[in-house]
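Participant: This is the structure I have questions about; it appears just below.
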Amino acid sequence: MKKMWSCRIILFTFLLTVFEQQVASTQDQCLVCHEAIEDKNAALFKGDVHFANGLTCASCHGGDATKEDAEESMSKNAGFMGVPSGNAISSVCSNCHSSATVMVKKYNSLLPLDQMSSLTSSVHGESSTKGGQRIAQCTSCHGAHGIVSKNNRSSSVHPLNVPATCAKCHSSAQYLRDYNPALPVDQLDKYRTSVHGKQNAKGDASVAECASCHGSHDILPAADVRSRVYATTLPKTCGSCHSNTNLMRKYALPSDQLEKYSRSVHGIALLEKKDLGAPACNDCHGNHGAVPPGVESISRVCGTCHALNAELFSASPHKKAFDQRKLPECETCHSHHDVVAATDKLLGVGKGAVCAWCHTPEKAPKGFEVARTMRLLVDSLQASENHAVLRVEEAEQKGMEVGEARFKLREIRQARLESRTNVHSFNESQFREVAERGLAVSTVVSEEATQAIDQYYFRRWGLLIASLIITSLAISLYAFIRRIEKQQASRARS
Amino acid sequence: MKNRINTLYKWIDDRVHLRDLVEFMGKKYVPIHEHSIWYYFGGVSLFLFIIQVVTGILLLLYYKGSEELAFESIQFIMSKVEFGWLIRSIHSWAANLFVGAAVIHMFSVYFTKAYRKPREITWLTGMFMLFLGMGFGFSGYLLPWNELAFFATKVGTDIPVIGKPIMILMRGGEDVTGATLSRMFGFHVAIFPGLFVLFLSIHLLLVQRQGMSEPIEFEDSPPDGSQRTMPFFPNFLLRDLLLWLLILNVLAVLAVLFPWELGQKADLFASAPVGIKPEWYFLFMFQTLKYIPAQVFFIDGEVLGVLLFGFAGLLWMIVPFWDRKSSAGQQNRLVNYVGIFVVLYILLFTILGYIA
C-alpha cells in the first residue's frame with residue numbers, strides 16, 4: 001500500500017513537471033518578461049484585439065515567443081526583427097491583413113483584404129521625405145500595441161476620434177510644409193465650427209468625419225478624378241448620408257437635396273456636362289466648415305461666382321427689404337438646390353414671373369410697373385435679336401458677305417446678357433440703358449443684313465440687264481460680220 | 001462724225017504711219033478649214049488675261065498683302081467696296097477660265113502640229129506662259145489668306161525632289177507664314193506679270209510675223225486658189241470680238257450666280273480641314289501621287305511621281321524638237337496617240353480626284 005502511494009506521488013510529480021513545461025512553452029514568453037519590466041507596450045498589448053485573437057509579440061516582431069531565454073527568443077535565427085521600421089511596419093500588418101487564408105479561414109474576419117493595396121496607391125502611399133518609405137504606415141492612424149476595433153470608443157479610428165487622429169499630421173504646418181505647403185492646416189478648426197464637427201464633438205458618431213468624405217485607406221488628393229471629393233463625385237459623396245432618409249430623419253433634415261441638385265442648372269453643368277466651373281455642394285456650404293448659408297449671406301455665397309449680380313443686388317433697395325422680411329436673398333426668386341437656368345420668364349408680372357409675388361398693382365404699383373417695363377424691354381431685345389439673326393442667316397444663305405454683321409450679333413447677345421445681370425439692380429433707367437444699347441445694335445445689324453439681301457436681288461437684276469446688253473452687242477456684231485462678209489463676197493464676184 | 005474720225009486717223013497716221021500697219025493687217029489672211037475653230041482659243045486666252053490685268057489692278061487698290069490684313073481686306077472688298085464683290089469674283093473665275101482656255105489652246109496647237117518648224121519658239125513661249133498661268137493661280141490662291149488656301153499652299157510648297165532650299169525660297173522660311181504671303185504676293189503682282197508680258201510679247205510678235213499655222217494637209221494642197229482664207233482684219237478680229245463678248249457674258253453669269261467664296265481666315269495653329277484639294281488644274285497630278293505606292297523598288301513613291309511628271313512635262317515641251325516628221329510635212333501618228341493618251345489621262349485622274 002505504502003509502495004503504491006510512493007508510486008502515485010512520483011507519477012504526480014512527473015505529470016506536474018511535464019504540465020509546467022507545457023504551460024511555459026505555450027505562454028508568450030516575450031510578454032511575460034516585458035510585463036515583468038513594466039513595459040508600457042506590453043500592458044497595451046494585453047488590451048489589443050490581436051492579443052485577444054491569440055497573436056503574440058513574435059507575430060509582428062519575429063523571434064520565438066516560446067523560449068524563456070532572451071538570447072534564444074530574440075535570436076536572428078528565429079526570425080527576430082526587433083521594432084519594424086519604415087515600410088516594414090505595414091508589411092508586417094499586411095502579412096495577415098492581405099491574406100485570405102489568415103483573415104477569412106483562420107479568423108473568419110469580414111475586414112477587407114485590400115487595405116494595403118489601397119494605402120499603397122493612396123496619397124499617403126507616396127514616398128515620404130525620409131525616402132524609401134511611405135508617408136503613412138498602418139500604425140500612423142491605428143497605433144501599434146493597443147489596437148482595438150474601430151467601433152470601440154477608445155480606437156484612434158473610431159468616428160469620434162478620427163478628426164484628432166488625422167489632425168496629428170494635418171494640423172501641423174511644419175509637417176505638411178514638407179509635402180504640400182499649399183494645403184491648409186486649419187481643417188480641424190473649421191470642422192469644429194461645422195454642423196458635422198459640433199455634433200461629432202457632442203459624441204454623435206453618425207455625422208460625417210474626415211473618413212466619411214475622404215475615405216480611409218484609399219485617400220486621394222481632391223484634384224484626383226478618382227477621389228471621393230473630386231468635384232463631380234462630391235455630390236454623390238455628400239448624398240451618401242444626405243440622401244439617406246432614415247439618417248436624415250434623425251436630424252429633421254430633408255433627404256432630396258441631391259435629387260434636386262442633380263436636375264438644377266448647377267447639377268446638370270457639373271454632373272452631365274462635366275463643367276468643373278459649376279458649383280458642387282462644398283462651393284456653397286463650405287467643406288470642412290460645412291454649414292447652411294445664413295439668410296443674409298446667401299448673396300455673398302452665390303456672389304462668389306455671380307459677382308456682378310450679387311454686387312448689384314447688395315446695392316439695390318431689395319437688399320434691405322429682403323433682410324427686414326428675413327427673405328433668403330437669391331434663393332427667394334431662384335430657389336437653392338433645384339435652381340434652374342434663369343430665363344426672362346422670371347422677370348415681369350405675368351405668369352411664371354417672380355416679381356409679382358410681392359409687387360402687386362395694389363400693394364406696390366411702382367415696383368409692378370418697373371417689373372412690367374423691364375420685361376417689355378427684355379422681350380423687345382430678344383425679338384430684335386432673333387430678327388437680326390434671321391436676316392443675317394438669310395443673307396448668308398444667299399451667299400452674301402455679312403461677316404461684320406455676324407460679328408455685331410455678339411454685341412446684341414452681350415447686351416442681352418448684361419441686361420439680365422442688370423435686372424438685379426432693380427433700377428429701370430440702368431436696365432433701360434443696357435437694353436437700348438442692344439436694341440440699337442440689332443437695328444444696325446438688321447439694316448446691314450437687309451441691305452445685303454437687297455444687294456443680292458440687285459445683282460441678279462444687274463446681271464440680267466448686263467447680259468441683255470452684251471447679248472445685243474453680240475447679235476449686232478454678228479449681223480455686222482455677216483454684212484461685211486456679204487459685201488466682200490459680192491465684191492469678189494464682181 | 002465720220003469726218004472727225006478720219007481727221008483723227010490722219011493726225012495719227014501723219015505721225016506714226018498707221019497706214020503701213022493697216023496695210024500689213026489687210027494682207028494677213030487666216031486659213032479656213034475644219035480645225036479653224038481652235039484658232040480662237042489663243043484670242044480667248046489673251047482676252048481673259050487682259051481681264052485679269054484690269055481686275056487685278058482694281059483689287060490692288062484695296063488689297064493689303066499681310067498676314068493680319070489680307071483676309072480682312074478681301075472681306076472689305078467684298079462687302080464695302082462698290083462692285084468689289086464683282087471684281088473679285090470675276091478675277092477668280094477668269095483665272096480659272098484663263099487656265100482652261102490656255103490648256104485647250106495648247107492641245108489644239110499640239111494636235112494640229114502647229115508647233116512644227118518654224119514655230120518652235122512660239123510653242124515654247126506658249127508653254128512658258130501656261131506654266132506662268134498656273135503659277136499665277138497657285139500664288140494668287142494664297143492671297144485671301146483663308147483656311148483652304150493656307151493648307152493647299154502648305155501641301156503645294158512641300159514637293160519632294162525640288163528640295164528644301166526651293167521650299168524655303170517659296171515659303172520665305174521653314175513654314176507657311178505671313179512671309180509666304182508677302183512672297184506669293186510679290187510673285188503674283190510683280191515677277192510673274194513681268195515674265196508673262198515678256199513671253200506674251202514674243203508670242204504675239206511671232207504670231208503676227210509668221211502668221212497662222214496651217215494644217216499639214218493644207219500645205220500639201222496645190223496653190224490653185226482652192227484654199228479658203230479669211231482676212232485677219234476685220235473678219236477674224238470681229239469674230240474674235242464676238243467670242244470675247246460671249247465669254248464676258250459667261251463670266252458675268254458665273255461671277256453673279258456663283259460668287260467666289262472667301263471661307264474662314266487661316267489659323268496657323270488649326271489642324272488641316274478634311275478633303276484639302278488643289279486647284280482643278282493640279283488635281284490629276286495630286287491624284288496620281290496618291291495612287292503611287294510609298295516605295296517603288298528603292299525610290300520613294302512621291303519622288304518617283306514628281307520625277308515622272310517632270311520628265312513627261314519636259315518631253316511635252318520639247319515636242320517640236322523630237323517630232324521631226326511633222327516638221328518635214330509628214331503625218332506623225334505617234335504624236336496623236338501620245339496626245340490622246342495625255343488628254344484621257346488628265347480627264348480620268350481629274351474626275352477621280354473630284355470623286356475621291
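All residue names refer to the C-alpha cells as shown: chains lettered A, B, ... in order, residues numbered from 1 in each chain, ligands numbered from 1 in order.
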Show me, as an mmCIF file with C-alpha atoms, in the first residue's frame, every residue of chain A with an atom at most 6 Å from chain B, counting only C-alpha atoms.

Facilitator:
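Result file out-v1.cif:
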```cif
data_model
loop_
_atom_site.group_PDB
_atom_site.id
_atom_site.type_symbol
_atom_site.label_atom_id
_atom_site.label_comp_id
_atom_site.auth_asym_id
_atom_site.auth_seq_id
_atom_site.Cartn_x
_atom_site.Cartn_y
_atom_site.Cartn_z
ATOM 1 C CA GLU A 401 -20.661 88.598 -97.258
ATOM 2 C CA SER A 467 -26.445 90.022 -120.177
ATOM 3 C CA ALA A 474 -23.017 90.191 -129.789
#
```

Participant: Within 9 Å of Pro235 (chain A), counting only C-alpha atoms, which residues show up once you throw out same-chain ones fewer than 3 positions away? Write them as a list in words, please.

Facilitator: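 That gives Val229, Ala231, Thr232, Cys238, Gly239, Ser240, Leu258, Tyr261, Ser262, Gly267, Leu271, Ala280, Cys281 and Asn282 of chain A.
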
Participant: Export, as a PDB file, in the first residue's frame, the selected residues with C-alpha atoms.

Facilitator:
```
ATOM      1  CA  VAL A 229     -14.131  64.585 -53.003  1.00  0.00           C
ATOM      2  CA  ALA A 231     -15.860  67.984 -57.867  1.00  0.00           C
ATOM      3  CA  THR A 232     -18.007  65.661 -59.983  1.00  0.00           C
ATOM      4  CA  CYS A 238     -22.414  64.069 -49.580  1.00  0.00           C
ATOM      5  CA  GLY A 239     -25.525  62.288 -50.798  1.00  0.00           C
ATOM      6  CA  SER A 240     -24.356  59.016 -49.254  1.00  0.00           C
ATOM      7  CA  LEU A 258     -29.033  65.504 -54.214  1.00  0.00           C
ATOM      8  CA  TYR A 261     -29.329  69.426 -57.219  1.00  0.00           C
ATOM      9  CA  SER A 262     -28.934  66.823 -59.987  1.00  0.00           C
ATOM     10  CA  GLY A 267     -26.047  69.893 -61.234  1.00  0.00           C
ATOM     11  CA  LEU A 271     -22.636  66.114 -63.394  1.00  0.00           C
ATOM     12  CA  ALA A 280     -20.732  71.297 -56.092  1.00  0.00           C
ATOM     13  CA  CYS A 281     -22.153  71.102 -52.518  1.00  0.00           C
ATOM     14  CA  ASN A 282     -18.981  72.438 -50.902  1.00  0.00           C
TER      15      ASN A 282
END
```

Participant: Would you work out the distance separating CA of Leu69 (chain B) from CA of Leu409 (chain A), expressed in Å to one decimal?

Facilitator: 22.1 Å

Participant: When you look at Leu289 (chain B) with a cut-off of 10 Å (counting only C-alpha atoms), what residues show up, excluding the ones that are within fewer than 3 positions of it in the same chain? I need them as a PyMOL selection string.

Facilitator: chain B and resi 283-286+292-294+301-306+309

Participant: Find the residues around region 89-106 of chain B up to 9 Å (only C-alpha atoms counted), leave out those fewer than 2 positions away in its own chain, and share them as a ChimeraX atom specification.

Facilitator: /B:38-42,44-49,51-56,59,78,84-87,108-111,123,126-127,129-130,133-134,136-137,140-141,251-252,254-256,258-261,279-281

Participant: Output C-alpha atoms for every residue in the selection just made, as a PDB file, in the first residue's frame.

Facilitator:
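Output file part.pdb follows:
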```pdb
ATOM      1  CA  TRP B  38      -9.187  76.235-132.465  1.00  0.00           C
ATOM      2  CA  TYR B  39      -7.574  79.458-133.721  1.00  0.00           C
ATOM      3  CA  TYR B  40      -9.926  81.406-131.455  1.00  0.00           C
ATOM      4  CA  PHE B  41      -8.680  79.957-128.180  1.00  0.00           C
ATOM      5  CA  GLY B  42      -5.441  81.934-128.296  1.00  0.00           C
ATOM      6  CA  VAL B  44      -9.819  83.935-125.737  1.00  0.00           C
ATOM      7  CA  SER B  45      -6.769  83.321-123.512  1.00  0.00           C
ATOM      8  CA  LEU B  46      -5.487  86.803-124.350  1.00  0.00           C
ATOM      9  CA  PHE B  47      -8.876  88.359-123.573  1.00  0.00           C
ATOM     10  CA  LEU B  48      -9.071  86.582-120.208  1.00  0.00           C
ATOM     11  CA  PHE B  49      -5.519  87.668-119.420  1.00  0.00           C
ATOM     12  CA  ILE B  51      -9.444  90.897-117.763  1.00  0.00           C
ATOM     13  CA  GLN B  52      -7.085  89.522-115.129  1.00  0.00           C
ATOM     14  CA  VAL B  53      -4.767  92.500-115.503  1.00  0.00           C
ATOM     15  CA  VAL B  54      -7.609  95.029-115.258  1.00  0.00           C
ATOM     16  CA  THR B  55      -9.439  93.362-112.330  1.00  0.00           C
ATOM     17  CA  GLY B  56      -6.115  92.625-110.631  1.00  0.00           C
ATOM     18  CA  LEU B  59      -8.146  94.721-106.483  1.00  0.00           C
ATOM     19  CA  MET B  78     -16.454  92.042-100.994  1.00  0.00           C
ATOM     20  CA  GLY B  84     -15.765  94.964-105.204  1.00  0.00           C
ATOM     21  CA  TRP B  85     -17.559  91.612-104.950  1.00  0.00           C
ATOM     22  CA  LEU B  86     -17.949  91.591-108.741  1.00  0.00           C
ATOM     23  CA  ILE B  87     -14.329  92.469-109.441  1.00  0.00           C
ATOM     24  CA  SER B 108      -5.213  72.377-130.269  1.00  0.00           C
ATOM     25  CA  VAL B 109      -1.731  73.542-131.244  1.00  0.00           C
ATOM     26  CA  TYR B 110      -0.365  70.118-130.325  1.00  0.00           C
ATOM     27  CA  PHE B 111      -2.898  68.095-132.304  1.00  0.00           C
ATOM     28  CA  TRP B 123       5.272  76.907-128.859  1.00  0.00           C
ATOM     29  CA  GLY B 126       3.258  79.477-125.059  1.00  0.00           C
ATOM     30  CA  MET B 127       4.279  76.638-122.777  1.00  0.00           C
ATOM     31  CA  MET B 129       3.061  81.229-120.363  1.00  0.00           C
ATOM     32  CA  LEU B 130       0.921  78.211-119.434  1.00  0.00           C
ATOM     33  CA  GLY B 133      -0.533  80.933-115.646  1.00  0.00           C
ATOM     34  CA  MET B 134      -0.506  78.000-113.249  1.00  0.00           C
ATOM     35  CA  PHE B 136      -0.389  82.882-111.116  1.00  0.00           C
ATOM     36  CA  GLY B 137      -3.155  80.546-109.940  1.00  0.00           C
ATOM     37  CA  GLY B 140      -2.997  84.038-106.122  1.00  0.00           C
ATOM     38  CA  TYR B 141      -4.752  81.215-104.286  1.00  0.00           C
ATOM     39  CA  LEU B 251     -18.057  85.297-116.871  1.00  0.00           C
ATOM     40  CA  ALA B 252     -20.760  87.692-115.631  1.00  0.00           C
ATOM     41  CA  LEU B 254     -20.569  82.814-113.142  1.00  0.00           C
ATOM     42  CA  ALA B 255     -19.471  85.792-111.050  1.00  0.00           C
ATOM     43  CA  VAL B 256     -23.019  86.750-110.044  1.00  0.00           C
ATOM     44  CA  PHE B 258     -21.655  81.535-108.234  1.00  0.00           C
ATOM     45  CA  PRO B 259     -19.695  84.182-106.319  1.00  0.00           C
ATOM     46  CA  TRP B 260     -16.240  83.040-105.246  1.00  0.00           C
ATOM     47  CA  GLU B 261     -16.389  82.188-101.545  1.00  0.00           C
ATOM     48  CA  GLU B 279      -6.993  73.722-107.868  1.00  0.00           C
ATOM     49  CA  TRP B 280      -8.529  71.604-110.622  1.00  0.00           C
ATOM     50  CA  TYR B 281      -5.548  72.020-112.962  1.00  0.00           C
TER      51      TYR B 281
END
```

Participant: Tell me, in Å to one decimal, how far CA of Glu411 (chain A) is from CA of Gln451 (chain A).

Facilitator: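 If I compute the distance from CA of Glu411 (chain A) to CA of Gln451 (chain A), I get 19.6 Å.
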
Participant: How far is it from CA of Lys274 (chain A) to CA of Glu126 (chain A), in Å with one decimal?

Facilitator: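 Interatomic distance here is 28.4 Å.
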
Participant: Quick one: residues within 12 Å of Ser429 (chain A), only C-alpha atoms counted, chain neighbours fewer than 3 positions away excluded, as number ranges by chain?

Facilitator: A: 370, 373-374, 377, 419, 422-423, 425-426, 432-436

Participant: Write out as a list in words the residues lying within 8 Å of region 191-207 of chain B, counting only C-alpha atoms and excluding same-chain residues fewer than 6 positions away.

Facilitator: Arg119, Ile121, Thr122, Thr125, Gly126, Phe128, Met129, Leu132, Gly135 and Phe136 of chain B

Participant: Hey, what's within 12 Å of Leu315 (chain B) if we count only C-alpha atoms and toss same-chain stuff fewer than 4 positions away? As a ChimeraX atom specification, please?

Facilitator: /B:124,127,308-311,319-323,335,338-339

Participant: Restricted to N, CA and C atoms, what would the selected residues look like written as a compact mmCIF listing (two decimals), in the first residue's frame?

Facilitator:
```
# COMPACT_ATOMS: atom_id res chain seq x y z
N LEU B 124 7.25 77.22 -127.47
CA LEU B 124 7.96 77.29 -126.18
C LEU B 124 7.47 78.45 -125.33
N MET B 127 4.17 77.57 -123.90
CA MET B 127 4.28 76.64 -122.78
C MET B 127 4.73 77.37 -121.51
N LEU B 308 8.61 61.53 -112.73
CA LEU B 308 7.90 61.12 -113.95
C LEU B 308 7.16 62.30 -114.57
N PHE B 309 6.46 63.08 -113.73
CA PHE B 309 5.74 64.24 -114.25
C PHE B 309 6.70 65.26 -114.84
N GLY B 310 7.83 65.44 -114.17
CA GLY B 310 8.84 66.39 -114.66
C GLY B 310 9.38 65.96 -116.01
N PHE B 311 9.64 64.67 -116.12
CA PHE B 311 10.19 64.13 -117.37
C PHE B 311 9.15 64.24 -118.50
N VAL B 319 8.46 68.91 -127.78
CA VAL B 319 7.90 68.13 -128.89
C VAL B 319 8.32 68.66 -130.28
N PRO B 320 8.44 69.98 -130.47
CA PRO B 320 8.86 70.42 -131.82
C PRO B 320 10.23 69.89 -132.22
N PHE B 321 11.03 69.52 -131.19
CA PHE B 321 12.40 69.11 -131.50
C PHE B 321 12.54 67.60 -131.70
N TRP B 322 11.60 66.82 -131.14
CA TRP B 322 11.71 65.38 -131.39
C TRP B 322 10.71 64.89 -132.45
N ASP B 323 9.66 65.73 -132.73
CA ASP B 323 8.72 65.34 -133.79
C ASP B 323 9.23 65.90 -135.12
N VAL B 335 2.58 61.01 -132.31
CA VAL B 335 2.29 62.25 -131.58
C VAL B 335 0.80 62.31 -131.22
N VAL B 338 0.08 59.82 -128.39
CA VAL B 338 0.59 60.36 -127.11
C VAL B 338 -0.37 61.43 -126.60
N GLY B 339 -0.79 62.32 -127.51
CA GLY B 339 -1.70 63.42 -127.13
C GLY B 339 -3.02 62.90 -126.59
```

Participant: Considering only helix (DSSP H, G or I) as DSSP defines it on the backbone, what residues of region 57-297 of chain B qualify? List them as an NGL selection string.

Facilitator: :B and (57-60 or 70-79 or 84-111 or 120-142 or 147-156 or 164-171 or 178-210 or 216-220 or 232-257 or 280-291)
